[in-house]
Amino acid sequence: MDSTIDKIIAKMPKSLSGKEFTYCPGCHHGIVHRLIAEVIDELGIAGKTLMVAPVGCSVFAYEFFDLDGTVAPHGRAPAVATGMKRAMPDRIVFTYQGDGDLASIGTAEIVHAANRGENITTIFINNAVYGMTGGQMAPTTLLGQKTTTTPYGRSAKANGYPIRMSEMLATLEGSAYVERVMVTTPQNVIKAKRAIKKAFEVQIKNLGFSMVEVLSTCPTNWGLTPIEAMKWLEEKMTKQYPLGIYVDRTKEAE
């Protein structure tokens with residue numbers, strides 16, 4: 001008998017707490033959580049990694065990761081992470097933030113943390129809407145997209161344009177690595193994990209600020225099924241938010 005059938009080919013990462021995810025069906029938070037945990041395990045940094053989760057759906061992250069960390073006020077995760085990293089430079093510090101948090105009330109914090117080249121890592125979940133508080137328009141909401149506060153669709157004249165955070169932060173000299181990914185297919189999941197791992201390695205090498213933006217679905221607030229939401233993300237969101245690496249200064253440091 002072939003003994004290979006008895007081999008374990010997949011198991012829960014040690015850096016996850018084991019608690020069942022409570023995110024809505026079709027939400028991508030769980031996928032991203034697992035990728036982060038896998039990367040932390042593979043890099044062997046669980047014992048010295050600190051997490052900062054602010055307000056929003058991301059606030060539940062502390063229940064699902066078996067890591068030390070804290071919860072920050074809305075938008076202030078980069079400031080809290082900066083203090084933690086400067087006080088304990090030997091630790092690996094990352095923030096886990098949504099678009100309503102990072103691109104709205106937390107715009108100043110993320111911009112200046114990146115501009116200062118703070119040696120922290122940010123995982124940015126962009127689902128183009130305020131997920132936890134009822135589906136209101138976010139800074140990343142697409143033009144024409146309907147939300148609870150834009151029932152006729154987002155208007156550029158009334159609401160401004162969607163903010164492309166990766167493109168903006170990539171212009172700052174303190175940003176060492178910024179990439180946008182998604183997790184809609186196995187191939188994209190592999191690419192996303194590679195980007196997350198690269199971002200943590202940037203911090204380990206003390207190269208400066210790193211961020212991975214993950215385009216994510218929010219079927220509940222989009223009013224779509226999980227399958228419809230995946231299709232909408234791929235067809236609509238990627239046009240406004242193209243995937244790819246927006247800055248990679250790691251080669252300059254080699």
# chains A, B, ... in the order shown; residues from 1 in each chain; ligands from 1

$ residues_around --residues "Arg76 of chain A" --least-positions-apart "5" --cutoff "10 Å" --atoms "only C-alpha atoms" --output "list in words"
Val52, Ala53, Pro54, Val55, Val71, Ala81, Thr82, Thr95, Gln97, Asp101, Leu102, Ile105, Gly106, Thr107, Ala108, Glu109 and Ile110 of chain A

$ residues_around --residues "Tyr241 of chain A" --least-positions-apart "2" --cutoff "9 Å" --atoms "only C-alpha atoms" --output "PyMOL selection string"
chain A and resi 164+166+180+215+236-239+243

$ select_by_dssp --residues "segment 29-241 of chain A" --states "strand (DSSP E or B)" --output "number ranges by chain"
A: 49-53, 65, 68-71, 92-98, 121-126, 143, 154, 175-182, 209-215

$ write_last_selection --atoms "N, CA and C atoms" --output "tab-separated table (two decimals), in the first residue's frame"
chain	number	residue	atom	x	y	z
A	49	THR	N	6.20	38.23	17.18
A	49	THR	CA	5.33	39.02	16.32
A	49	THR	C	4.19	39.65	17.12
A	50	LEU	N	3.96	40.93	16.88
A	50	LEU	CA	2.89	41.67	17.55
A	50	LEU	C	1.91	42.19	16.50
A	51	MET	N	0.61	42.07	16.81
A	51	MET	CA	-0.43	42.46	15.89
A	51	MET	C	-1.19	43.66	16.44
A	52	VAL	N	-1.59	44.57	15.55
A	52	VAL	CA	-2.43	45.70	15.94
A	52	VAL	C	-3.66	45.69	15.04
A	53	ALA	N	-4.83	45.55	15.64
A	53	ALA	CA	-6.09	45.54	14.90
A	53	ALA	C	-6.97	46.68	15.39
A	65	PHE	N	-6.03	34.95	15.81
A	65	PHE	CA	-4.58	34.75	15.79
A	65	PHE	C	-4.08	34.40	17.18
A	68	ASP	N	0.52	37.82	20.30
A	68	ASP	CA	0.36	38.97	21.18
A	68	ASP	C	0.02	40.19	20.34
A	69	GLY	N	-0.65	41.15	20.95
A	69	GLY	CA	-1.01	42.36	20.22
A	69	GLY	C	-2.00	43.19	20.98
A	70	THR	N	-2.57	44.17	20.30
A	70	THR	CA	-3.52	45.05	20.95
A	70	THR	C	-4.53	45.56	19.93
A	71	VAL	N	-5.60	46.17	20.44
A	71	VAL	CA	-6.61	46.80	19.59
A	71	VAL	C	-6.40	48.31	19.63
A	92	ILE	N	8.52	41.90	15.45
A	92	ILE	CA	7.89	42.06	14.14
A	92	ILE	C	6.47	42.57	14.40
A	93	VAL	N	6.16	43.74	13.88
A	93	VAL	CA	4.87	44.39	14.18
A	93	VAL	C	4.09	44.58	12.88
A	94	PHE	N	2.83	44.14	12.90
A	94	PHE	CA	2.00	44.36	11.72
A	94	PHE	C	0.62	44.86	12.10
A	95	THR	N	0.03	45.66	11.22
A	95	THR	CA	-1.35	46.11	11.41
A	95	THR	C	-2.23	45.38	10.42
A	96	TYR	N	-3.48	45.17	10.82
A	96	TYR	CA	-4.45	44.51	9.95
A	96	TYR	C	-5.65	45.44	9.86
A	97	GLN	N	-5.83	46.11	8.70
A	97	GLN	CA	-6.79	47.20	8.60
A	97	GLN	C	-7.71	47.10	7.39
A	98	GLY	N	-8.94	47.58	7.55
A	98	GLY	CA	-9.87	47.66	6.44
A	98	GLY	C	-9.80	49.01	5.77
A	121	THR	N	4.72	46.50	9.05
A	121	THR	CA	4.03	45.90	7.91
A	121	THR	C	2.52	46.09	8.08
A	122	THR	N	1.85	46.48	7.01
A	122	THR	CA	0.41	46.67	7.04
A	122	THR	C	-0.26	45.72	6.04
A	123	ILE	N	-1.27	45.01	6.51
A	123	ILE	CA	-2.12	44.21	5.65
A	123	ILE	C	-3.43	44.97	5.52
A	124	PHE	N	-3.72	45.43	4.31
A	124	PHE	CA	-4.83	46.33	4.04
A	124	PHE	C	-5.92	45.61	3.25
A	125	ILE	N	-7.08	45.44	3.87
A	125	ILE	CA	-8.21	44.75	3.24
A	125	ILE	C	-9.14	45.78	2.61
A	126	ASN	N	-9.25	45.75	1.29
A	126	ASN	CA	-10.07	46.71	0.56
A	126	ASN	C	-11.29	46.00	-0.02
A	143	LEU	N	-17.13	54.48	-8.26
A	143	LEU	CA	-18.11	55.39	-8.82
A	143	LEU	C	-19.31	54.59	-9.32
A	154	ARG	N	-22.34	56.03	-6.04
A	154	ARG	CA	-21.37	57.08	-5.70
A	154	ARG	C	-21.20	58.06	-6.85
A	175	SER	N	8.41	54.21	1.75
A	175	SER	CA	7.76	52.94	1.41
A	175	SER	C	8.77	52.04	0.70
A	176	ALA	N	9.06	50.89	1.32
A	176	ALA	CA	10.03	49.97	0.73
A	176	ALA	C	9.36	48.95	-0.19
A	177	TYR	N	8.13	48.60	0.14
A	177	TYR	CA	7.45	47.57	-0.65
A	177	TYR	C	5.94	47.72	-0.53
A	178	VAL	N	5.25	47.87	-1.65
A	178	VAL	CA	3.80	47.99	-1.68
A	178	VAL	C	3.27	47.17	-2.86
A	179	GLU	N	2.35	46.26	-2.58
A	179	GLU	CA	1.77	45.42	-3.64
A	179	GLU	C	0.28	45.25	-3.41
A	180	ARG	N	-0.47	45.14	-4.52
A	180	ARG	CA	-1.92	44.87	-4.43
A	180	ARG	C	-2.20	43.49	-5.02
A	181	VAL	N	-2.98	42.70	-4.27
A	181	VAL	CA	-3.28	41.33	-4.68
A	181	VAL	C	-4.77	41.05	-4.45
A	182	MET	N	-5.21	39.84	-4.80
A	182	MET	CA	-6.54	39.37	-4.45
A	182	MET	C	-6.47	37.87	-4.23
A	209	PHE	N	8.96	50.69	5.50
A	209	PHE	CA	7.52	50.41	5.52
A	209	PHE	C	7.12	49.45	4.38
A	210	SER	N	6.25	48.51	4.72
A	210	SER	CA	5.74	47.59	3.70
A	210	SER	C	4.24	47.42	3.86
A	211	MET	N	3.53	47.29	2.74
A	211	MET	CA	2.09	47.10	2.78
A	211	MET	C	1.63	46.19	1.65
A	212	VAL	N	0.71	45.31	1.99
A	212	VAL	CA	0.04	44.49	0.99
A	212	VAL	C	-1.44	44.81	1.04
A	213	GLU	N	-1.96	45.31	-0.07
A	213	GLU	CA	-3.40	45.58	-0.19
A	213	GLU	C	-4.06	44.37	-0.81
A	214	VAL	N	-5.11	43.87	-0.15
A	214	VAL	CA	-5.84	42.70	-0.65
A	214	VAL	C	-7.26	43.11	-1.04
A	215	LEU	N	-7.59	43.00	-2.31
A	215	LEU	CA	-8.96	43.27	-2.74
A	215	LEU	C	-9.84	42.14	-2.21

$ residues_around --residues "Met230 of chain A" --least-positions-apart "6" --cutoff "9 Å" --atoms "only C-alpha atoms" --output "PyMOL selection string"
chain A and resi 26+184+216-217+219

$ residues_around --residues "Gly131 of chain A" --least-positions-apart "4" --cutoff "9 Å" --atoms "only C-alpha atoms" --output "VMD selection string"
chain A and resid 56 to 57 98 100 127 135 to 136 218 220 to 221

$ residues_around --residues "Ser15 of chain A" --least-positions-apart "2" --cutoff "9 Å" --atoms "only C-alpha atoms" --output "JSON, numbers by chain"
{"A": [12, 13, 17, 18, 34, 36, 37, 38, 40, 41, 46, 64, 65, 66, 67]}

$ closest_residue --among "A:Thr147, A:Thr171, A:Ser58, A:Thr185" --to "Lys231 of chain A" --atoms "only C-alpha atoms"
A:Thr185

$ atom_distance --atom1 "atom CA of Gly160 of chain A" --atom2 "atom CA of Thr140 of chain A"
10.2 Å
